[in-house]
Amino acid sequence: LGELHALNETGLQMGVVKFAWEVEVVEQLTDDKDALISAVEGMKFDAYTTNIGGAFRSMKNMLQFGRRDAPSVCMLWTDGRPSYPSNDFDAKSGAAELRTACRVMVVTMRPAIPRDQVLPWVSNPKDQNILSVQSPEEMEHSVRQVNTFVCARVQKYLDWTNAHSKEESD
């Protein structure tokens, strides 16, 4: 998040959802980088449960407050398999609901969750929407790369849209 220098000026919005036993929207969609950093830094790790289905549904609900004129990408970062109160079926159904509204990407830490279990959750093309890492350090590095890549693509779209809007108004 710290590397997104112009978050406030681009129209790009991000939100944060924490998912364990309960799912909590830690920060609604916003372009306030400081609020996002504060939200992430203030989260505490809850062990033992991974409510992935609930996380997917919360992401979809969060999108209703986003910009209607922008493409949406939802990324789930997890180090665990779906567990009570979620399960594999619940994760698949939550992901299917979310895929109707946006591109779904998942970053997993292996070996905790096998790639085959994640395949049904993500958007097509599957190989471009799953990233597996081996350690927390690698996850942090990879998340930065994914965010930079996705944000750059979203920014190109916004630039193209703005340029064409100006042409039409001239």
# chains A, B, ... in the order shown; residues from 1 in each chain; ligands from 1
>>> residues_around(residues="segment 52-64 of chain A", least_positions_apart="5", cutoff="6 Å", atoms="only C-alpha atoms", output="list in words")
Phe19, Pro82, Ser86, Asp90, Ala91, Gly94, Ala95 and Leu98 of chain A
>>> closest_residue(among="A:Ser83, A:Ser93, A:Asn129, A:Ser123", to="Val107 of chain A", atoms="only C-alpha atoms")
A:Asn129
>>> residues_around(residues="Tyr84 of chain A", least_positions_apart="4", cutoff="8 Å", atoms="only C-alpha atoms", output="list in words")
Trp21, Thr49, Thr50 and Asn51 of chain A
>>> write_last_selection(atoms="C-alpha atoms", output="PDB file, in the first residue's frame")
ATOM      1  CA  TRP A  21     -14.446 -17.035  12.541  1.00  0.00           C
ATOM      2  CA  THR A  49     -10.560 -20.539  11.324  1.00  0.00           C
ATOM      3  CA  THR A  50     -10.555 -19.344   7.719  1.00  0.00           C
ATOM      4  CA  ASN A  51     -13.977 -18.159   6.546  1.00  0.00           C
TER       5      ASN A  51
END
>>> closest_residue(among="A:Lys44, A:Lys126, A:Arg110, A:Arg68", to="Gln13 of chain A", atoms="only C-alpha atoms")
A:Arg68
>>> closest_residue(among="A:Ser135, A:Ala112, A:Lys18, A:Gly42", to="Leu76 of chain A", atoms="only C-alpha atoms")
A:Lys18
>>> select_by_dssp(residues="segment 7-158 of chain A", states="alpha helix (DSSP H)", output="ChimeraX atom specification")
/A:7-10,33-42,52-63,88-99,115-118,136-158
>>> closest_residue(among="A:Gly66, A:Pro71, A:Gly15, A:Pro125", to="Ala35 of chain A", atoms="only C-alpha atoms")
A:Gly15
>>> residues_around(residues="Pro114 of chain A", least_positions_apart="6", cutoff="12 Å", atoms="only C-alpha atoms", output="PyMOL selection string")
chain A and resi 78-82+106-108+120+130-134
